[in-house]
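Colleague: Structure provided below as C-alpha coordinates; questions to follow.
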Amino acid sequence: MRFSFFLPASLALLLTAAACSQAQNDQATTQTDATQPAGQNQQPGGKKKKGKGGDRHKDADAAAQIPGLRQVGSLKNVVPESSGLCPADQPGTYFSFGDEGNDATLYRLSATGQLRGTLALGVPNTDWESLSRDDQGNYFVGDCGNNANDRQNLVIHRFRPEQPRQVADIKFKYPDQTEFPPEQKKARNFDCEASLWHGGRVWLFSKDRGNDATSKVYTVPDQPGSYTAQLVTKLAIPGQVTDAALRPDGHRLVLLGRGELFVLDGNSWDDLLKATPRQVSLAGAGQTEGAVFKDANTLLISTEQGSFYEFKLPF
(Lines give C-alpha, C1' and ligand atoms only; values in the text may rest on other atoms or scores of the structure.)
Protein backbone atom coordinates (compact mmCIF):
# COMPACT_ATOMS: atom_id res chain seq x y z
CA MET A 1 0.00 0.00 0.00
CA ARG A 2 1.39 3.45 -0.94
CA PHE A 3 0.82 6.52 1.21
CA SER A 4 1.00 10.14 0.08
CA PHE A 5 1.70 13.09 2.37
CA PHE A 6 0.82 16.71 1.71
CA LEU A 7 2.37 19.73 3.48
CA PRO A 8 0.56 23.02 3.93
CA ALA A 9 1.83 25.59 1.38
CA SER A 10 3.17 27.93 4.07
CA LEU A 11 5.25 25.18 5.72
CA ALA A 12 6.67 24.07 2.38
CA LEU A 13 7.79 27.62 1.63
CA LEU A 14 9.55 27.88 5.02
CA LEU A 15 11.43 24.61 4.48
CA THR A 16 12.54 25.68 0.99
CA ALA A 17 13.84 29.03 2.25
CA ALA A 18 15.81 27.33 5.04
CA ALA A 19 17.48 24.92 2.62
CA CYS A 20 18.52 27.78 0.32
CA SER A 21 19.94 29.75 3.24
CA GLN A 22 21.99 26.75 4.40
CA ALA A 23 23.38 26.21 0.88
CA GLN A 24 24.46 29.86 0.71
CA ASN A 25 26.18 29.56 4.10
CA ASP A 26 28.01 26.41 3.00
CA GLN A 27 29.23 28.16 -0.15
CA ALA A 28 30.46 31.18 1.83
CA THR A 29 32.31 28.90 4.28
CA THR A 30 34.05 27.10 1.41
CA GLN A 31 35.16 30.40 -0.13
CA THR A 32 36.47 31.66 3.22
CA ASP A 33 38.45 28.45 3.87
CA ALA A 34 40.01 28.65 0.41
CA THR A 35 41.29 32.20 0.93
CA GLN A 36 44.98 32.34 1.80
CA PRO A 37 46.51 34.96 4.10
CA ALA A 38 48.55 37.64 2.33
CA GLY A 39 51.94 36.34 1.26
CA GLN A 40 50.97 32.67 1.48
CA ASN A 41 50.46 30.75 -1.77
CA GLN A 42 50.27 34.03 -3.68
CA GLN A 43 52.46 35.72 -6.24
CA PRO A 44 53.23 39.45 -6.11
CA GLY A 45 50.19 41.44 -7.17
CA GLY A 46 47.79 39.00 -5.49
CA LYS A 47 48.04 36.21 -8.06
CA LYS A 48 47.82 32.81 -6.46
CA LYS A 49 50.61 30.37 -7.10
CA LYS A 50 49.85 26.93 -8.35
CA GLY A 51 49.34 24.70 -5.36
CA LYS A 52 52.23 22.43 -4.41
CA GLY A 53 52.51 19.40 -2.23
CA GLY A 54 49.85 17.65 -0.23
CA ASP A 55 48.27 17.39 3.19
CA ARG A 56 50.89 18.07 5.89
CA HIS A 57 49.18 15.84 8.44
CA LYS A 58 48.96 12.94 6.02
CA ASP A 59 52.64 13.48 5.19
CA ALA A 60 53.53 13.27 8.89
CA ASP A 61 51.60 10.01 9.31
CA ALA A 62 53.24 8.48 6.24
CA ALA A 63 56.70 9.74 7.21
CA ALA A 64 56.45 7.96 10.55
CA GLN A 65 56.54 4.68 8.64
CA ILE A 66 59.89 5.45 6.94
CA PRO A 67 62.80 3.80 8.82
CA GLY A 68 65.30 6.34 10.12
CA LEU A 69 63.08 9.36 9.47
CA ARG A 70 61.54 11.42 12.27
CA GLN A 71 59.97 14.84 12.31
CA VAL A 72 61.91 17.17 14.63
CA GLY A 73 60.12 20.45 13.92
CA SER A 74 57.85 22.44 11.66
CA LEU A 75 58.64 25.30 9.29
CA LYS A 76 55.00 25.97 8.47
CA ASN A 77 54.94 29.42 10.06
CA VAL A 78 58.68 30.03 9.76
CA VAL A 79 59.84 29.54 6.15
CA PRO A 80 57.37 29.94 3.28
CA GLU A 81 57.81 26.90 1.00
CA SER A 82 61.30 25.88 2.10
CA SER A 83 63.31 25.13 -1.02
CA GLY A 84 66.78 24.34 0.32
CA LEU A 85 69.06 23.96 3.33
CA CYS A 86 72.68 24.88 4.02
CA PRO A 87 74.93 25.22 7.10
CA ALA A 88 74.57 28.77 8.44
CA ASP A 89 77.19 31.15 9.79
CA GLN A 90 76.59 30.19 13.42
CA PRO A 91 77.45 26.68 14.71
CA GLY A 92 74.48 24.34 14.94
CA THR A 93 72.27 26.51 12.71
CA TYR A 94 71.13 26.26 9.11
CA PHE A 95 69.88 28.62 6.42
CA SER A 96 66.71 28.02 4.44
CA PHE A 97 64.63 30.18 2.08
CA GLY A 98 61.42 30.27 0.08
CA ASP A 99 61.32 29.72 -3.66
CA GLU A 100 59.70 31.67 -6.50
CA GLY A 101 57.41 34.50 -5.42
CA ASN A 102 58.65 34.67 -1.83
CA ASP A 103 60.80 37.29 -0.12
CA ALA A 104 64.54 37.57 -0.83
CA THR A 105 65.23 36.40 2.72
CA LEU A 106 67.35 33.73 4.35
CA TYR A 107 66.00 32.19 7.55
CA ARG A 108 68.51 30.98 10.16
CA LEU A 109 67.15 27.84 11.85
CA SER A 110 68.06 25.61 14.74
CA ALA A 111 68.39 21.84 14.24
CA THR A 112 64.73 21.56 15.24
CA GLY A 113 63.46 24.24 12.85
CA GLN A 114 63.19 27.12 15.32
CA LEU A 115 63.83 30.58 13.90
CA ARG A 116 67.11 32.12 15.04
CA GLY A 117 67.22 35.15 12.74
CA THR A 118 66.81 36.40 9.18
CA LEU A 119 68.96 37.97 6.46
CA ALA A 120 67.46 40.13 3.71
CA LEU A 121 69.56 40.07 0.55
CA GLY A 122 69.89 43.04 -1.76
CA VAL A 123 68.63 41.14 -4.83
CA PRO A 124 65.20 39.86 -5.90
CA ASN A 125 64.05 36.27 -5.58
CA THR A 126 63.17 35.38 -9.16
CA ASP A 127 63.30 31.66 -8.43
CA TRP A 128 65.78 30.79 -5.69
CA GLU A 129 66.28 27.05 -5.52
CA SER A 130 69.64 26.29 -3.88
CA LEU A 131 72.20 27.58 -1.40
CA SER A 132 75.77 26.57 -0.59
CA ARG A 133 78.87 28.01 1.06
CA ASP A 134 82.62 27.82 0.50
CA ASP A 135 85.43 27.33 3.02
CA GLN A 136 85.98 31.09 3.39
CA GLY A 137 82.48 32.05 4.59
CA ASN A 138 81.04 33.08 1.20
CA TYR A 139 77.54 31.93 0.29
CA PHE A 140 76.04 31.21 -3.12
CA VAL A 141 72.30 31.49 -3.81
CA GLY A 142 71.27 29.73 -6.99
CA ASP A 143 68.60 31.84 -8.68
CA CYS A 144 68.39 29.30 -11.45
CA GLY A 145 64.99 27.69 -11.01
CA ASN A 146 63.72 27.24 -14.55
CA ASN A 147 60.46 25.31 -14.54
CA ALA A 148 59.57 26.21 -18.12
CA ASN A 149 63.17 25.82 -19.35
CA ASP A 150 62.95 29.26 -20.96
CA ARG A 151 65.04 31.52 -18.69
CA GLN A 152 68.00 33.41 -20.09
CA ASN A 153 68.83 35.33 -16.91
CA LEU A 154 70.27 32.52 -14.78
CA VAL A 155 72.45 33.75 -11.94
CA ILE A 156 74.18 32.72 -8.74
CA HIS A 157 74.34 35.43 -6.07
CA ARG A 158 77.51 35.51 -3.98
CA PHE A 159 77.49 37.26 -0.60
CA ARG A 160 78.70 37.17 2.99
CA PRO A 161 76.23 37.04 5.93
CA GLU A 162 77.81 40.06 7.63
CA GLN A 163 77.11 42.15 4.50
CA PRO A 164 73.98 40.61 2.96
CA ARG A 165 73.11 43.71 0.92
CA GLN A 166 76.42 43.53 -0.95
CA VAL A 167 75.87 40.87 -3.58
CA ALA A 168 78.06 39.93 -6.54
CA ASP A 169 76.62 37.99 -9.47
CA ILE A 170 77.84 34.91 -11.27
CA LYS A 171 75.79 34.91 -14.47
CA PHE A 172 75.77 31.83 -16.65
CA LYS A 173 74.17 29.98 -19.55
CA TYR A 174 74.15 26.32 -20.53
CA PRO A 175 76.46 25.28 -23.39
CA ASP A 176 73.96 22.80 -24.81
CA GLN A 177 70.77 24.88 -24.78
CA THR A 178 69.80 26.66 -28.00
CA GLU A 179 65.99 26.79 -27.66
CA PHE A 180 64.08 28.59 -24.89
CA PRO A 181 62.30 26.35 -24.15
CA PRO A 182 63.38 23.28 -26.14
CA GLU A 183 60.63 22.39 -28.60
CA GLN A 184 60.79 18.74 -27.64
CA LYS A 185 59.59 18.26 -24.08
CA LYS A 186 61.94 15.32 -23.57
CA ALA A 187 64.86 17.72 -24.02
CA ARG A 188 63.75 20.00 -21.16
CA ASN A 189 66.56 19.33 -18.75
CA PHE A 190 67.71 22.89 -18.01
CA ASP A 191 66.02 23.46 -14.68
CA CYS A 192 68.38 23.52 -11.70
CA GLU A 193 67.29 23.25 -8.07
CA ALA A 194 70.52 21.82 -6.63
CA SER A 195 74.01 23.28 -6.37
CA LEU A 196 77.03 23.19 -4.09
CA TRP A 197 80.49 24.70 -3.81
CA HIS A 198 83.58 22.56 -4.11
CA GLY A 199 87.18 23.24 -5.05
CA GLY A 200 86.79 26.86 -6.12
CA ARG A 201 83.77 26.20 -8.32
CA VAL A 202 79.97 26.06 -8.04
CA TRP A 203 78.51 22.76 -9.22
CA LEU A 204 75.01 22.59 -10.66
CA PHE A 205 72.79 19.49 -10.87
CA SER A 206 69.92 19.65 -13.35
CA LYS A 207 66.34 18.59 -12.70
CA ASP A 208 65.22 16.40 -15.59
CA ARG A 209 61.70 17.54 -16.42
CA GLY A 210 61.73 15.72 -19.74
CA ASN A 211 62.48 12.11 -18.86
CA ASP A 212 63.09 11.81 -15.09
CA ALA A 213 66.24 9.91 -15.99
CA THR A 214 69.35 12.11 -16.03
CA SER A 215 70.85 14.83 -13.87
CA LYS A 216 73.39 16.81 -15.87
CA VAL A 217 76.32 18.16 -13.87
CA TYR A 218 77.61 21.61 -14.83
CA THR A 219 80.19 23.85 -13.21
CA VAL A 220 81.07 27.56 -13.18
CA PRO A 221 83.82 29.51 -11.39
CA ASP A 222 82.96 30.88 -7.94
CA GLN A 223 84.05 34.40 -8.95
CA PRO A 224 81.66 37.13 -10.21
CA GLY A 225 81.35 37.36 -13.98
CA SER A 226 79.45 35.97 -16.97
CA TYR A 227 80.16 32.41 -18.02
CA THR A 228 79.15 29.55 -20.23
CA ALA A 229 78.82 26.66 -17.80
CA GLN A 230 80.90 23.55 -18.43
CA LEU A 231 79.00 20.28 -18.82
CA VAL A 232 81.09 17.78 -16.83
CA THR A 233 79.04 14.59 -16.74
CA LYS A 234 75.58 13.07 -16.66
CA LEU A 235 74.29 11.04 -13.73
CA ALA A 236 71.74 8.25 -14.08
CA ILE A 237 69.13 9.58 -11.65
CA PRO A 238 65.62 8.11 -12.08
CA GLY A 239 63.88 11.18 -10.70
CA GLN A 240 64.07 14.97 -10.36
CA VAL A 241 66.87 16.43 -8.23
CA THR A 242 65.77 19.14 -5.78
CA ASP A 243 68.88 19.68 -3.61
CA ALA A 244 72.47 18.53 -3.12
CA ALA A 245 74.60 18.05 0.01
CA LEU A 246 78.27 17.11 0.33
CA ARG A 247 79.47 15.48 3.53
CA PRO A 248 82.21 17.58 5.17
CA ASP A 249 84.83 14.87 4.60
CA GLY A 250 84.06 15.02 0.87
CA HIS A 251 83.43 11.27 0.56
CA ARG A 252 79.64 11.25 0.22
CA LEU A 253 77.34 13.22 -2.06
CA VAL A 254 73.58 13.18 -1.52
CA LEU A 255 71.17 14.29 -4.21
CA LEU A 256 67.66 14.82 -2.90
CA GLY A 257 64.60 14.16 -5.04
CA ARG A 258 60.88 14.45 -4.48
CA GLY A 259 60.20 11.74 -1.93
CA GLU A 260 63.56 10.04 -2.46
CA LEU A 261 67.29 10.58 -2.29
CA PHE A 262 70.35 9.27 -4.09
CA VAL A 263 73.65 8.54 -2.34
CA LEU A 264 77.01 8.55 -4.14
CA ASP A 265 80.21 7.48 -2.36
CA GLY A 266 83.86 7.90 -3.33
CA ASN A 267 87.32 8.81 -2.12
CA SER A 268 87.50 11.98 -4.25
CA TRP A 269 85.20 14.40 -6.05
CA ASP A 270 85.94 12.69 -9.36
CA ASP A 271 85.08 9.33 -7.80
CA LEU A 272 81.77 10.69 -6.53
CA LEU A 273 80.76 11.83 -10.00
CA LYS A 274 81.54 8.37 -11.36
CA ALA A 275 79.79 6.44 -8.58
CA THR A 276 76.60 4.46 -9.10
CA PRO A 277 73.84 6.24 -7.13
CA ARG A 278 72.10 4.23 -4.43
CA GLN A 279 68.43 5.13 -4.14
CA VAL A 280 66.59 5.55 -0.83
CA SER A 281 62.81 5.95 -0.76
CA LEU A 282 61.25 8.74 1.28
CA ALA A 283 57.80 8.11 -0.18
CA GLY A 284 55.16 9.76 1.98
CA ALA A 285 57.45 12.40 3.49
CA GLY A 286 56.05 15.15 1.26
CA GLN A 287 57.69 17.34 -1.37
CA THR A 288 61.26 17.10 -0.10
CA GLU A 289 63.24 20.16 -1.25
CA GLY A 290 66.12 20.80 1.18
CA ALA A 291 68.89 18.58 2.55
CA VAL A 292 71.99 19.24 4.65
CA PHE A 293 74.36 17.04 6.66
CA LYS A 294 73.87 17.40 10.41
CA ASP A 295 76.62 14.86 11.06
CA ALA A 296 78.43 12.19 9.05
CA ASN A 297 75.40 9.89 8.90
CA THR A 298 72.45 12.20 9.55
CA LEU A 299 70.60 14.58 7.24
CA LEU A 300 68.17 17.37 8.00
CA ILE A 301 65.45 17.50 5.34
CA SER A 302 62.80 20.15 4.70
CA THR A 303 59.64 20.06 2.62
CA GLU A 304 57.61 22.75 0.92
CA GLN A 305 54.66 21.81 3.13
CA GLY A 306 56.67 22.79 6.23
CA SER A 307 57.84 19.46 7.64
CA PHE A 308 61.36 19.40 9.11
CA TYR A 309 62.92 15.98 9.43
CA GLU A 310 66.02 14.27 10.72
CA PHE A 311 67.04 11.24 8.70
CA LYS A 312 69.57 8.57 9.65
CA LEU A 313 71.12 7.23 6.47
CA PRO A 314 70.69 3.45 6.27
CA PHE A 315 74.26 2.75 5.08
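Residue numbering restarts at 1 for every chain of the C-alpha coordinates, chains are lettered A, B, ... in their displayed order, and ligands are numbered from 1 as they appear.
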Skip Ala104 of chain A itself and residues of its chain fewer than 2 positions away, then list as number ranges by chain all residues within 6 Å of it, counting only C-alpha atoms.
Modeller: A: 120-121, 124-125
Colleague: Could the residues in this selection be written to a file with N, CA and C atoms, as a short mmCIF file (atom, residue, chain, number, x, y, z; two decimals), in the first residue's frame?
Modeller:
data_model
loop_
_atom_site.label_atom_id
_atom_site.label_comp_id
_atom_site.auth_asym_id
_atom_site.auth_seq_id
_atom_site.Cartn_x
_atom_site.Cartn_y
_atom_site.Cartn_z
N ALA A 120 68.09 39.65 4.94
CA ALA A 120 67.46 40.13 3.71
C ALA A 120 68.56 40.48 2.72
N LEU A 121 68.55 39.81 1.56
CA LEU A 121 69.56 40.07 0.55
C LEU A 121 69.15 41.23 -0.34
N PRO A 124 66.53 40.48 -5.90
CA PRO A 124 65.20 39.86 -5.90
C PRO A 124 65.27 38.34 -5.90
N ASN A 125 64.19 37.72 -5.53
CA ASN A 125 64.05 36.27 -5.58
C ASN A 125 63.21 35.92 -6.81
#
Colleague: Find the residue from A:Asn189, A:Thr298, A:Ser195, A:Gln163 that sits nearest to Ser132 of chain A; use only C-alpha atoms when measuring.
Modeller: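 When distances to Ser132 of chain A are compared using only C-alpha atoms, the smallest one comes from A:Ser195.
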Colleague: Write down as a VMD selection string the residues belonging to segment 57-92 of chain A that are assigned alpha helix (DSSP H) by DSSP computed on the backbone.
Modeller: chain A and resid 57 to 63
Colleague: Restricting the calculation to only C-alpha atoms: of A:Val167, A:Asn211, A:Val79, A:Ser74, which residue gets closest to Asp99 of chain A?
Modeller: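 Of A:Val167, A:Asn211, A:Val79, A:Ser74, the one nearest Asp99 of chain A, counting only C-alpha atoms, is A:Val79.
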Colleague: Using DSSP secondary structure from the backbone, list all strand (DSSP E or B) positions within segment 174-267 of chain A, as an MDAnalysis selection string.
Modeller: chainID A and resid 191:198 201:207 214:221 225:228 230:236 241:246 252:257 260:265
Colleague: Determine the nearest neighbour of Ser281 of chain A from the options A:Pro182, A:Pro314, A:Pro248, A:Gly306, counting only C-alpha atoms.
Modeller: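 Counting only C-alpha atoms, the residue closest to Ser281 of chain A is A:Pro314.
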Colleague: Have a look at A:Leu109, A:Leu204, A:Leu85, A:Ala194 and name the one nearest to Phe293 of chain A; count only C-alpha atoms.
Modeller: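 Using only C-alpha atoms, Phe293 of chain A sits closest to A:Leu85.
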Colleague: Compile the contact shell of segment 282-291 of chain A as a count of residues only: residues with an atom at most 7 Å away, counting only C-alpha atoms, same-chain residues fewer than 6 positions apart removed.
Modeller: 26
Colleague: In terms of the shortest atom-to-atom distance over only C-alpha atoms, which of A:Asp249, A:Glu193, A:Leu235, A:Asp150 is closest to Thr276 of chain A?
Modeller: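 Looking only at the distances to Thr276 of chain A, the closest residue turns out to be A:Leu235.
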Colleague: At a cut-off of 7 Å, using only C-alpha atoms, what residues contact segment 261-263 of chain A? Leave out same-chain residues fewer than 4 positions from it and give the result as a list in words.
Modeller: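 What passes the distance filter is Leu253, Val254, Leu255, Leu256, Gly257, Pro277, Arg278, Gln279, Val280 and Ser281 of chain A.
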Colleague: Only N, CA and C atoms, please: the residues just picked out, written as a PDB file, in the first residue's frame.
Modeller:
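So out34.pdb came out as:
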ATOM      1  N   LEU A 253      78.207  12.221  -1.439  1.00  0.00           N
ATOM      2  CA  LEU A 253      77.337  13.216  -2.065  1.00  0.00           C
ATOM      3  C   LEU A 253      75.914  12.699  -2.022  1.00  0.00           C
ATOM      4  N   VAL A 254      75.001  13.533  -1.555  1.00  0.00           N
ATOM      5  CA  VAL A 254      73.583  13.176  -1.523  1.00  0.00           C
ATOM      6  C   VAL A 254      72.823  14.110  -2.456  1.00  0.00           C
ATOM      7  N   LEU A 255      72.064  13.524  -3.353  1.00  0.00           N
ATOM      8  CA  LEU A 255      71.165  14.290  -4.212  1.00  0.00           C
ATOM      9  C   LEU A 255      69.741  13.973  -3.782  1.00  0.00           C
ATOM     10  N   LEU A 256      69.028  14.989  -3.351  1.00  0.00           N
ATOM     11  CA  LEU A 256      67.656  14.825  -2.895  1.00  0.00           C
ATOM     12  C   LEU A 256      66.714  14.901  -4.083  1.00  0.00           C
ATOM     13  N   GLY A 257      65.663  14.090  -4.049  1.00  0.00           N
ATOM     14  CA  GLY A 257      64.599  14.164  -5.039  1.00  0.00           C
ATOM     15  C   GLY A 257      63.273  14.372  -4.337  1.00  0.00           C
ATOM     16  N   PRO A 277      74.699   5.744  -8.212  1.00  0.00           N
ATOM     17  CA  PRO A 277      73.841   6.240  -7.130  1.00  0.00           C
ATOM     18  C   PRO A 277      73.034   5.111  -6.486  1.00  0.00           C
ATOM     19  N   ARG A 278      72.973   5.141  -5.162  1.00  0.00           N
ATOM     20  CA  ARG A 278      72.098   4.228  -4.427  1.00  0.00           C
ATOM     21  C   ARG A 278      70.843   4.991  -4.015  1.00  0.00           C
ATOM     22  N   GLN A 279      69.702   4.437  -4.325  1.00  0.00           N
ATOM     23  CA  GLN A 279      68.431   5.133  -4.135  1.00  0.00           C
ATOM     24  C   GLN A 279      67.787   4.744  -2.808  1.00  0.00           C
ATOM     25  N   VAL A 280      67.275   5.754  -2.103  1.00  0.00           N
ATOM     26  CA  VAL A 280      66.591   5.548  -0.830  1.00  0.00           C
ATOM     27  C   VAL A 280      65.212   6.188  -0.928  1.00  0.00           C
ATOM     28  N   SER A 281      64.181   5.429  -0.662  1.00  0.00           N
ATOM     29  CA  SER A 281      62.811   5.954  -0.756  1.00  0.00           C
ATOM     30  C   SER A 281      62.438   6.759   0.480  1.00  0.00           C
TER      31      SER A 281
END
Colleague: Find the residues around Tyr94 of chain A up to 9 Å (only C-alpha atoms counted), leave out those fewer than 6 positions away in its own chain, and share them as a ChimeraX atom specification.
Modeller: /A:85-88,107-111,113,292
Colleague: Neighbours of segment 137-140 of chain A within 8 Å (only C-alpha atoms; same-chain residues fewer than 6 positions away dropped), as a PyMOL selection string?
Modeller: chain A and resi 89+131+156-161+197
Colleague: If we count only C-alpha atoms, what is near Lys185 of chain A at a cut-off of 12 Å, once residues fewer than 5 positions away on the same chain are taken out, given as a list of chain:residue names?
Modeller: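 The contact residues come out as A:Asn147, A:Ala148, A:Asn149, A:Asp150, A:Glu179, A:Phe180, A:Phe190, A:Asp208, A:Arg209, A:Gly210, A:Asn211, A:Asp212.
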Colleague: Between A:Leu264, A:Ala229, A:Val241, A:Cys144, which has the minimum distance to Gln177 of chain A (counting only C-alpha atoms)?
Modeller: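 Among the listed residues, the smallest separation from Gln177 of chain A belongs to A:Ala229.
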Colleague: Have a look at atom CA of Gly142 of chain A and atom CA of Val202 of chain A and let me know their distance in Å, one decimal.
Modeller: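 About the pair atom CA of Gly142 of chain A and atom CA of Val202 of chain A: they are 9.5 Å apart.
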Colleague: In Å to one decimal, how far is atom CA of Arg247 of chain A from atom CA of His198 of chain A?
Modeller: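 We find that atom CA of His198 of chain A and atom CA of Arg247 of chain A lie 11.2 Å from each other.
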